[in-house]
Structure formats: C-alpha cells, structure tokens
>>> print(open('run.cif').read())   # mmCIF, N, CA and C atoms
data_target
#
loop_
_atom_site.label_atom_id
_atom_site.label_comp_id
_atom_site.auth_asym_id
_atom_site.auth_seq_id
_atom_site.Cartn_x
_atom_site.Cartn_y
_atom_site.Cartn_z
N MET B 13 -2.95 10.43 8.05
CA MET B 13 -2.40 10.77 9.34
C MET B 13 -3.40 10.42 10.43
N ILE B 14 -2.91 9.95 11.53
CA ILE B 14 -3.77 9.56 12.64
C ILE B 14 -4.40 10.80 13.28
N SER B 15 -5.61 10.65 13.75
CA SER B 15 -6.30 11.79 14.34
C SER B 15 -7.10 11.32 15.55
N ILE B 16 -6.69 11.78 16.71
CA ILE B 16 -7.41 11.40 17.93
C ILE B 16 -8.85 11.95 17.88
N LYS B 17 -9.02 13.12 17.25
CA LYS B 17 -10.35 13.70 17.11
C LYS B 17 -11.23 12.81 16.23
N ASN B 18 -10.69 12.38 15.07
CA ASN B 18 -11.45 11.49 14.18
C ASN B 18 -11.77 10.17 14.87
N SER B 19 -10.81 9.63 15.60
CA SER B 19 -11.02 8.37 16.30
C SER B 19 -12.15 8.51 17.31
N SER B 20 -12.12 9.59 18.07
CA SER B 20 -13.16 9.85 19.06
C SER B 20 -14.53 9.98 18.39
N GLU B 21 -14.58 10.74 17.30
CA GLU B 21 -15.84 10.93 16.58
C GLU B 21 -16.37 9.61 16.03
N ARG B 22 -15.47 8.79 15.51
CA ARG B 22 -15.89 7.52 14.92
C ARG B 22 -16.40 6.55 15.97
N LEU B 23 -15.75 6.52 17.13
CA LEU B 23 -16.21 5.66 18.20
C LEU B 23 -17.57 6.15 18.71
N ASN B 24 -17.74 7.47 18.83
CA ASN B 24 -19.04 8.02 19.21
C ASN B 24 -20.11 7.64 18.19
N GLN B 25 -19.75 7.70 16.92
CA GLN B 25 -20.67 7.34 15.84
C GLN B 25 -21.10 5.87 15.98
N LEU B 26 -20.16 4.99 16.27
CA LEU B 26 -20.48 3.57 16.43
C LEU B 26 -21.42 3.36 17.62
N LEU B 27 -21.19 4.08 18.71
CA LEU B 27 -22.08 3.96 19.87
C LEU B 27 -23.49 4.40 19.51
N MET B 28 -23.61 5.52 18.78
CA MET B 28 -24.94 5.99 18.39
C MET B 28 -25.62 4.99 17.47
N GLU B 29 -24.87 4.43 16.51
CA GLU B 29 -25.44 3.46 15.59
C GLU B 29 -25.94 2.22 16.32
N LYS B 30 -25.21 1.82 17.34
CA LYS B 30 -25.58 0.62 18.10
C LYS B 30 -26.57 0.95 19.22
N ARG B 31 -26.84 2.25 19.40
CA ARG B 31 -27.77 2.72 20.44
C ARG B 31 -27.38 2.15 21.80
N MET B 32 -26.10 2.37 22.12
CA MET B 32 -25.55 1.87 23.38
C MET B 32 -24.97 3.01 24.17
N THR B 33 -25.00 2.88 25.49
CA THR B 33 -24.30 3.82 26.35
C THR B 33 -22.83 3.38 26.39
N PRO B 34 -21.94 4.26 26.81
CA PRO B 34 -20.54 3.85 26.93
C PRO B 34 -20.36 2.64 27.85
N THR B 35 -21.13 2.58 28.92
CA THR B 35 -21.04 1.45 29.84
C THR B 35 -21.47 0.15 29.17
N GLU B 36 -22.58 0.20 28.44
CA GLU B 36 -23.06 -0.98 27.72
C GLU B 36 -22.03 -1.42 26.67
N PHE B 37 -21.48 -0.44 25.99
CA PHE B 37 -20.47 -0.72 24.96
C PHE B 37 -19.24 -1.37 25.58
N ALA B 38 -18.79 -0.83 26.69
CA ALA B 38 -17.61 -1.37 27.37
C ALA B 38 -17.83 -2.82 27.78
N ARG B 39 -19.00 -3.11 28.34
CA ARG B 39 -19.32 -4.49 28.73
C ARG B 39 -19.40 -5.40 27.52
N ALA B 40 -20.13 -4.96 26.51
CA ALA B 40 -20.36 -5.79 25.32
C ALA B 40 -19.07 -6.11 24.57
N TYR B 41 -18.13 -5.18 24.56
CA TYR B 41 -16.92 -5.37 23.77
C TYR B 41 -15.67 -5.57 24.62
N ASP B 42 -15.88 -5.84 25.91
CA ASP B 42 -14.80 -6.19 26.83
C ASP B 42 -13.65 -5.18 26.82
N VAL B 43 -14.04 -3.91 27.03
CA VAL B 43 -13.06 -2.81 27.12
C VAL B 43 -13.36 -2.08 28.43
N PRO B 44 -12.34 -1.75 29.21
CA PRO B 44 -12.60 -1.03 30.46
C PRO B 44 -13.40 0.27 30.23
N LYS B 45 -14.34 0.54 31.13
CA LYS B 45 -15.17 1.75 30.99
C LYS B 45 -14.33 3.01 30.95
N SER B 46 -13.29 3.05 31.76
CA SER B 46 -12.44 4.25 31.78
C SER B 46 -11.74 4.45 30.44
N SER B 47 -11.34 3.36 29.81
CA SER B 47 -10.69 3.47 28.50
C SER B 47 -11.68 3.99 27.46
N ILE B 48 -12.89 3.43 27.46
CA ILE B 48 -13.92 3.90 26.51
C ILE B 48 -14.17 5.38 26.73
N SER B 49 -14.28 5.79 27.97
CA SER B 49 -14.51 7.20 28.28
C SER B 49 -13.38 8.07 27.72
N ASN B 50 -12.15 7.64 27.93
CA ASN B 50 -11.00 8.41 27.43
C ASN B 50 -10.98 8.47 25.91
N TYR B 51 -11.31 7.36 25.25
CA TYR B 51 -11.35 7.34 23.78
C TYR B 51 -12.46 8.26 23.26
N LEU B 52 -13.63 8.18 23.88
CA LEU B 52 -14.77 8.98 23.44
C LEU B 52 -14.54 10.47 23.64
N ASN B 53 -13.82 10.83 24.70
CA ASN B 53 -13.56 12.23 25.00
C ASN B 53 -12.27 12.75 24.38
N GLY B 54 -11.59 11.92 23.63
CA GLY B 54 -10.35 12.34 22.99
C GLY B 54 -9.19 12.56 23.95
N LYS B 55 -9.25 11.91 25.11
CA LYS B 55 -8.17 12.07 26.09
C LYS B 55 -7.03 11.11 25.84
N SER B 56 -7.33 9.99 25.20
CA SER B 56 -6.27 9.05 24.87
C SER B 56 -6.64 8.31 23.59
N MET B 57 -5.61 7.74 22.99
CA MET B 57 -5.76 6.99 21.75
C MET B 57 -5.62 5.51 22.06
N MET B 58 -6.46 4.70 21.46
CA MET B 58 -6.33 3.27 21.72
C MET B 58 -5.10 2.72 21.00
N ARG B 59 -4.52 1.74 21.61
CA ARG B 59 -3.34 1.10 21.04
C ARG B 59 -3.77 0.26 19.84
N PRO B 60 -2.86 0.07 18.90
CA PRO B 60 -3.21 -0.71 17.70
C PRO B 60 -3.76 -2.10 18.00
N LYS B 61 -3.23 -2.76 19.02
CA LYS B 61 -3.70 -4.11 19.35
C LYS B 61 -5.16 -4.08 19.77
N ARG B 62 -5.53 -3.10 20.61
CA ARG B 62 -6.92 -2.98 21.03
C ARG B 62 -7.80 -2.55 19.86
N ALA B 63 -7.31 -1.65 19.02
CA ALA B 63 -8.08 -1.21 17.86
C ALA B 63 -8.36 -2.38 16.93
N GLU B 64 -7.37 -3.24 16.76
CA GLU B 64 -7.55 -4.40 15.90
C GLU B 64 -8.63 -5.32 16.46
N ALA B 65 -8.57 -5.63 17.75
CA ALA B 65 -9.55 -6.52 18.37
C ALA B 65 -10.95 -5.92 18.32
N LEU B 66 -11.05 -4.64 18.65
CA LEU B 66 -12.35 -3.97 18.65
C LEU B 66 -12.91 -3.85 17.23
N ALA B 67 -12.05 -3.51 16.29
CA ALA B 67 -12.48 -3.37 14.89
C ALA B 67 -13.02 -4.70 14.35
N ARG B 68 -12.36 -5.78 14.74
CA ARG B 68 -12.81 -7.10 14.29
C ARG B 68 -14.22 -7.38 14.81
N LYS B 69 -14.46 -7.05 16.08
CA LYS B 69 -15.78 -7.27 16.68
C LYS B 69 -16.84 -6.35 16.06
N LEU B 70 -16.43 -5.15 15.67
CA LEU B 70 -17.36 -4.16 15.11
C LEU B 70 -17.47 -4.24 13.60
N ASN B 71 -16.64 -5.08 12.99
CA ASN B 71 -16.60 -5.24 11.54
C ASN B 71 -16.27 -3.93 10.82
N VAL B 72 -15.22 -3.25 11.32
CA VAL B 72 -14.72 -2.04 10.68
C VAL B 72 -13.21 -2.16 10.51
N ASN B 73 -12.65 -1.29 9.71
CA ASN B 73 -11.22 -1.25 9.48
C ASN B 73 -10.54 -0.66 10.71
N PRO B 74 -9.52 -1.33 11.29
CA PRO B 74 -8.86 -0.79 12.48
C PRO B 74 -8.21 0.56 12.25
N GLU B 75 -7.69 0.81 11.05
CA GLU B 75 -7.08 2.11 10.77
C GLU B 75 -8.14 3.20 10.73
N TRP B 76 -9.32 2.88 10.23
CA TRP B 76 -10.44 3.83 10.26
C TRP B 76 -10.80 4.15 11.71
N LEU B 77 -10.85 3.10 12.54
CA LEU B 77 -11.20 3.28 13.95
C LEU B 77 -10.17 4.16 14.66
N LEU B 78 -8.91 4.13 14.24
CA LEU B 78 -7.87 4.95 14.84
C LEU B 78 -7.86 6.38 14.30
N GLY B 79 -8.79 6.68 13.40
CA GLY B 79 -8.90 8.05 12.91
C GLY B 79 -8.14 8.32 11.63
N CYS B 80 -7.57 7.28 11.04
CA CYS B 80 -6.81 7.46 9.80
C CYS B 80 -7.75 7.69 8.62
N ASN B 81 -7.18 8.20 7.57
CA ASN B 81 -7.92 8.36 6.32
C ASN B 81 -7.93 7.01 5.62
N ALA B 82 -8.83 6.16 6.05
CA ALA B 82 -8.94 4.79 5.54
C ALA B 82 -10.42 4.47 5.39
N PRO B 83 -10.74 3.49 4.54
CA PRO B 83 -12.16 3.12 4.40
C PRO B 83 -12.69 2.52 5.69
N ARG B 84 -13.98 2.71 5.92
CA ARG B 84 -14.60 2.19 7.15
C ARG B 84 -14.69 0.67 7.12
N SER B 85 -15.02 0.13 5.97
CA SER B 85 -15.20 -1.31 5.90
C SER B 85 -13.86 -2.03 6.05
N PRO B 86 -13.89 -3.22 6.65
CA PRO B 86 -12.65 -3.95 6.84
C PRO B 86 -12.01 -4.28 5.50
N LEU B 87 -10.69 -4.36 5.50
CA LEU B 87 -9.98 -4.71 4.28
C LEU B 87 -10.24 -6.17 3.95
N SER B 88 -10.34 -6.45 2.66
CA SER B 88 -10.58 -7.83 2.26
C SER B 88 -9.31 -8.64 2.45
N GLU B 89 -9.46 -9.93 2.62
CA GLU B 89 -8.32 -10.82 2.81
C GLU B 89 -7.45 -10.86 1.56
N LYS B 90 -8.01 -10.56 0.41
CA LYS B 90 -7.27 -10.68 -0.84
C LYS B 90 -6.65 -9.37 -1.30
N THR B 91 -6.55 -8.41 -0.43
CA THR B 91 -6.00 -7.12 -0.79
C THR B 91 -4.53 -7.25 -1.19
N SER B 92 -4.10 -6.46 -2.15
CA SER B 92 -2.71 -6.53 -2.58
C SER B 92 -1.80 -5.71 -1.68
N CYS B 93 -2.39 -4.91 -0.83
CA CYS B 93 -1.61 -4.07 0.08
C CYS B 93 -2.06 -4.40 1.50
N PRO B 94 -1.42 -5.37 2.16
CA PRO B 94 -1.90 -5.79 3.47
C PRO B 94 -1.84 -4.69 4.50
N SER B 95 -2.78 -4.72 5.39
CA SER B 95 -2.84 -3.75 6.48
C SER B 95 -1.71 -4.00 7.46
N ALA B 96 -1.30 -2.96 8.17
CA ALA B 96 -0.29 -3.11 9.20
C ALA B 96 -0.80 -4.01 10.31
N PHE B 97 -2.10 -4.23 10.37
CA PHE B 97 -2.68 -5.06 11.42
C PHE B 97 -2.76 -6.52 11.03
N SER B 98 -2.50 -6.86 9.80
CA SER B 98 -2.68 -8.21 9.32
C SER B 98 -1.70 -9.17 9.97
N ALA B 99 -2.21 -10.05 10.81
CA ALA B 99 -1.34 -11.03 11.47
C ALA B 99 -0.72 -11.95 10.45
N GLU B 100 -1.50 -12.27 9.42
CA GLU B 100 -1.00 -13.13 8.36
C GLU B 100 0.19 -12.48 7.66
N ALA B 101 0.07 -11.18 7.37
CA ALA B 101 1.16 -10.45 6.72
C ALA B 101 2.37 -10.36 7.62
N ALA B 102 2.14 -10.16 8.90
CA ALA B 102 3.26 -10.06 9.84
C ALA B 102 4.00 -11.39 9.93
N ARG B 103 3.24 -12.50 9.98
CA ARG B 103 3.87 -13.81 10.04
C ARG B 103 4.67 -14.08 8.77
N ALA B 104 4.18 -13.62 7.65
CA ALA B 104 4.86 -13.85 6.38
C ALA B 104 6.06 -12.92 6.21
N GLY B 105 6.24 -11.99 7.13
CA GLY B 105 7.37 -11.08 7.05
C GLY B 105 7.11 -9.92 6.11
N ILE B 106 5.88 -9.75 5.64
CA ILE B 106 5.56 -8.66 4.72
C ILE B 106 5.52 -7.34 5.46
N VAL B 107 4.99 -7.36 6.67
CA VAL B 107 4.86 -6.14 7.45
C VAL B 107 5.64 -6.31 8.74
N SER B 108 6.60 -5.46 8.99
CA SER B 108 7.31 -5.51 10.26
C SER B 108 6.67 -4.49 11.18
N ALA B 109 6.93 -4.63 12.45
CA ALA B 109 6.27 -3.77 13.43
C ALA B 109 6.41 -2.31 13.07
N PHE B 110 7.59 -1.77 13.08
CA PHE B 110 7.78 -0.38 12.67
C PHE B 110 8.95 -0.27 11.73
N SER B 111 9.33 -1.36 11.16
CA SER B 111 10.47 -1.34 10.26
C SER B 111 11.70 -0.92 11.05
N GLU B 112 12.48 0.01 10.56
CA GLU B 112 13.68 0.44 11.26
C GLU B 112 13.35 1.39 12.41
N ASN B 113 12.16 1.91 12.45
CA ASN B 113 11.78 2.88 13.47
C ASN B 113 10.98 2.24 14.58
N ALA B 114 11.34 1.02 14.97
CA ALA B 114 10.56 0.28 15.96
C ALA B 114 10.48 1.06 17.27
N VAL B 115 9.27 1.20 17.75
CA VAL B 115 9.04 1.82 19.05
C VAL B 115 8.52 0.77 20.01
N SER B 116 7.69 -0.13 19.54
CA SER B 116 7.22 -1.24 20.36
C SER B 116 6.98 -2.42 19.46
N SER B 117 6.57 -3.53 20.05
CA SER B 117 6.36 -4.73 19.26
C SER B 117 4.99 -4.75 18.59
N GLU B 118 4.14 -3.79 18.88
CA GLU B 118 2.83 -3.76 18.25
C GLU B 118 2.93 -3.17 16.86
N PRO B 119 2.18 -3.74 15.90
CA PRO B 119 2.20 -3.16 14.56
C PRO B 119 1.61 -1.76 14.57
N VAL B 120 2.10 -0.93 13.69
CA VAL B 120 1.62 0.44 13.62
C VAL B 120 0.92 0.65 12.30
N PRO B 121 -0.26 1.26 12.31
CA PRO B 121 -0.92 1.53 11.05
C PRO B 121 -0.08 2.47 10.21
N SER B 122 -0.23 2.35 8.91
CA SER B 122 0.59 3.15 8.00
C SER B 122 0.45 4.64 8.25
N CYS B 123 -0.70 5.08 8.73
CA CYS B 123 -0.91 6.51 8.95
C CYS B 123 -0.13 7.03 10.14
N ARG B 124 0.46 6.16 10.96
CA ARG B 124 1.23 6.61 12.12
C ARG B 124 2.74 6.59 11.86
N ARG B 125 3.18 5.99 10.78
CA ARG B 125 4.61 5.84 10.53
C ARG B 125 5.33 7.18 10.45
N ASP B 126 4.69 8.20 9.90
CA ASP B 126 5.35 9.50 9.77
C ASP B 126 5.58 10.15 11.13
N LEU B 127 4.86 9.72 12.16
CA LEU B 127 5.03 10.29 13.49
C LEU B 127 6.34 9.85 14.13
N ILE B 128 6.88 8.71 13.70
CA ILE B 128 8.07 8.18 14.34
C ILE B 128 9.31 8.26 13.47
N SER B 129 9.18 8.70 12.23
CA SER B 129 10.30 8.66 11.30
C SER B 129 11.48 9.54 11.72
N GLY B 130 11.26 10.63 12.42
CA GLY B 130 12.35 11.53 12.78
C GLY B 130 12.90 11.34 14.18
N LEU B 131 12.52 10.27 14.84
CA LEU B 131 12.95 10.06 16.22
C LEU B 131 14.35 9.46 16.30
N THR B 132 15.09 9.89 17.32
CA THR B 132 16.40 9.30 17.58
C THR B 132 16.19 7.98 18.31
N SER B 133 17.25 7.18 18.44
CA SER B 133 17.12 5.90 19.15
C SER B 133 16.78 6.13 20.62
N ASN B 134 17.28 7.23 21.20
CA ASN B 134 16.94 7.56 22.58
C ASN B 134 15.46 7.91 22.70
N ASP B 135 14.94 8.69 21.74
CA ASP B 135 13.51 9.04 21.73
C ASP B 135 12.66 7.77 21.66
N ARG B 136 13.05 6.85 20.77
CA ARG B 136 12.30 5.60 20.60
C ARG B 136 12.34 4.77 21.89
N ALA B 137 13.48 4.77 22.57
CA ALA B 137 13.60 4.01 23.81
C ALA B 137 12.68 4.58 24.89
N VAL B 138 12.58 5.90 24.97
CA VAL B 138 11.70 6.54 25.95
C VAL B 138 10.24 6.21 25.64
N ILE B 139 9.87 6.31 24.37
CA ILE B 139 8.49 6.00 23.98
C ILE B 139 8.18 4.53 24.23
N ASP B 140 9.12 3.66 23.91
CA ASP B 140 8.94 2.23 24.13
C ASP B 140 8.71 1.95 25.62
N ALA B 141 9.50 2.58 26.49
CA ALA B 141 9.34 2.39 27.93
C ALA B 141 7.96 2.88 28.38
N TYR B 142 7.52 4.01 27.85
CA TYR B 142 6.20 4.55 28.18
C TYR B 142 5.10 3.56 27.76
N LEU B 143 5.20 3.05 26.53
CA LEU B 143 4.17 2.13 26.02
C LEU B 143 4.12 0.82 26.79
N LYS B 144 5.25 0.41 27.34
CA LYS B 144 5.29 -0.84 28.10
C LYS B 144 4.89 -0.64 29.55
N ALA B 145 4.81 0.59 30.00
CA ALA B 145 4.45 0.88 31.39
C ALA B 145 2.98 0.57 31.63
N PRO B 146 2.64 0.23 32.88
CA PRO B 146 1.23 0.00 33.21
C PRO B 146 0.42 1.28 33.00
N GLU B 147 -0.87 1.11 32.81
CA GLU B 147 -1.76 2.24 32.51
C GLU B 147 -1.68 3.34 33.58
N ASN B 148 -1.58 2.96 34.86
CA ASN B 148 -1.53 3.98 35.91
C ASN B 148 -0.25 4.81 35.83
N ILE B 149 0.86 4.21 35.42
CA ILE B 149 2.11 4.95 35.25
C ILE B 149 1.99 5.88 34.04
N GLN B 150 1.40 5.38 32.95
CA GLN B 150 1.20 6.22 31.77
C GLN B 150 0.34 7.43 32.12
N LYS B 151 -0.70 7.20 32.91
CA LYS B 151 -1.58 8.30 33.31
C LYS B 151 -0.81 9.33 34.14
N ALA B 152 0.03 8.86 35.04
CA ALA B 152 0.83 9.77 35.87
C ALA B 152 1.80 10.59 35.00
N ILE B 153 2.38 9.97 34.01
CA ILE B 153 3.29 10.67 33.10
C ILE B 153 2.52 11.73 32.33
N ARG B 154 1.34 11.36 31.80
CA ARG B 154 0.53 12.34 31.06
C ARG B 154 0.15 13.51 31.96
N THR B 155 -0.19 13.24 33.22
CA THR B 155 -0.54 14.30 34.16
C THR B 155 0.64 15.24 34.38
N LEU B 156 1.83 14.66 34.57
CA LEU B 156 3.04 15.47 34.76
C LEU B 156 3.34 16.33 33.54
N LEU B 157 3.14 15.75 32.36
CA LEU B 157 3.41 16.50 31.14
C LEU B 157 2.44 17.66 30.96
N ASN B 158 1.20 17.47 31.40
CA ASN B 158 0.20 18.53 31.29
C ASN B 158 0.47 19.65 32.28
N LEU B 159 1.15 19.35 33.39
CA LEU B 159 1.46 20.36 34.39
C LEU B 159 2.60 21.28 33.96
N SER B 160 3.47 20.77 33.11
CA SER B 160 4.65 21.57 32.74
C SER B 160 4.37 22.51 31.60
#
>>> encode(input="run.cif", output="structure tokens")
Amino acid sequence: MISIKNSSERLNQLLMEKRMTPTEFARAYDVPKSSISNYLNGKSMMRPKRAEALARKLNVNPEWLLGCNAPRSPLSEKTSCPSAFSAEAARAGIVSAFSENAVSSEPVPSCRRDLISGLTSNDRAVIDAYLKAPENIQKAIRTLLNLS
C-alpha cells in the first residue's frame, strides 16, 4: 500500500545520503523546490511520472520512492513481473494504465490499485479532472478540502 509518510521518509533519507539541502536536490534533479518541500514534509505525493523520472536518476525503484512495500533497488530489466512504470511493458500491452479503473493516463504502481478499485465512474472522472488540473488549481482544491 502506498504511504505518503514512507515516501517522505525515503526522500529525506536520500537527501541525507547525498548530503544535499532540499534546494540543492531540487536543482540537481530538476524538480521545483516547492514540490520537494511538499514531498519532504508529507504534504503531497509525487505523481508516478515524476517518481519514475526521479527514481531513474537516483537509481532506486519508483514504487519504493512512492512509499510502497517494494525493494529499494531498481527492478531488473529481466524481471518476470514488470513494474507498472515499465514503458517497455506498457508499449507491449502487458501493463495498462489502471486497467478498468482508469483515473488518468499515467501508470499506477501496483500498491495504489486498491485505492481506486471501489470508485464509481463519476468518482474517477472527478479525480481525473483534479489530476489534469494545473498545480495551482490542485492546491486551491486541497486548501478548500482542508477548510471543510
């Protein structure tokens, strides 16, 4: 299961290992400083696409980076169970974005699939619209939700 707390802890761990400040890390890995701050503080979860790109640069498993119960080391290319992030697997049709529970076009790690399995088509449409919205709109929505 995905864990924003685990993801935050793991990203903090990587910063300590690299002996970098969040600002240095953001510059080095081409991620906005505000996003790094939100990830480190557990305020937001990185999207699978960003996790995949960052994990590749850091040489870690993207599902591990997202806080899933997965090995830290990247999956080997010859694995018999391709990762949800595997572009090769997606092109081959082995892994679909969310299968029948599609919320967006981004692949979802296996540890997140249980989060969307009980959603209605209307729920999925609302989540899809949120995920496609610009970051400032998403932030405004999160603010409104925290007020209620």
>>> resolve_selection(input="run.cif", expression="the PyMOL selection byres (((chain B and resi 24-32 and name CA) around 10) and name CA)", output="PyMOL selection string")
chain B and resi 18-23+33-38+40+48+51-53+70+72+77
>>> resolve_selection(input="run.cif", expression="the PyMOL selection byres (((chain B and resi 55-61 and name CA) around 10) and name CA)", output="ChimeraX atom specification")
/B:14-17,19-20,47-54,62-67,74-75,77-79,96-97,118-121,143,151,154
>>> atom_distance(input="run.cif", atom1="atom CA of Asn71 of chain B", atom2="atom CA of Val43 of chain B")
16.2 Å
>>> axis_aligned_box(input="run.cif", around="segment 58-75 of chain B", padding_each_side="5 Å", output="lines of an AutoDock Vina configuration file")
center_x = -10.2
center_y = -1.3
center_z = 15.6
size_x = 24.6
size_y = 22.1
size_z = 22.2
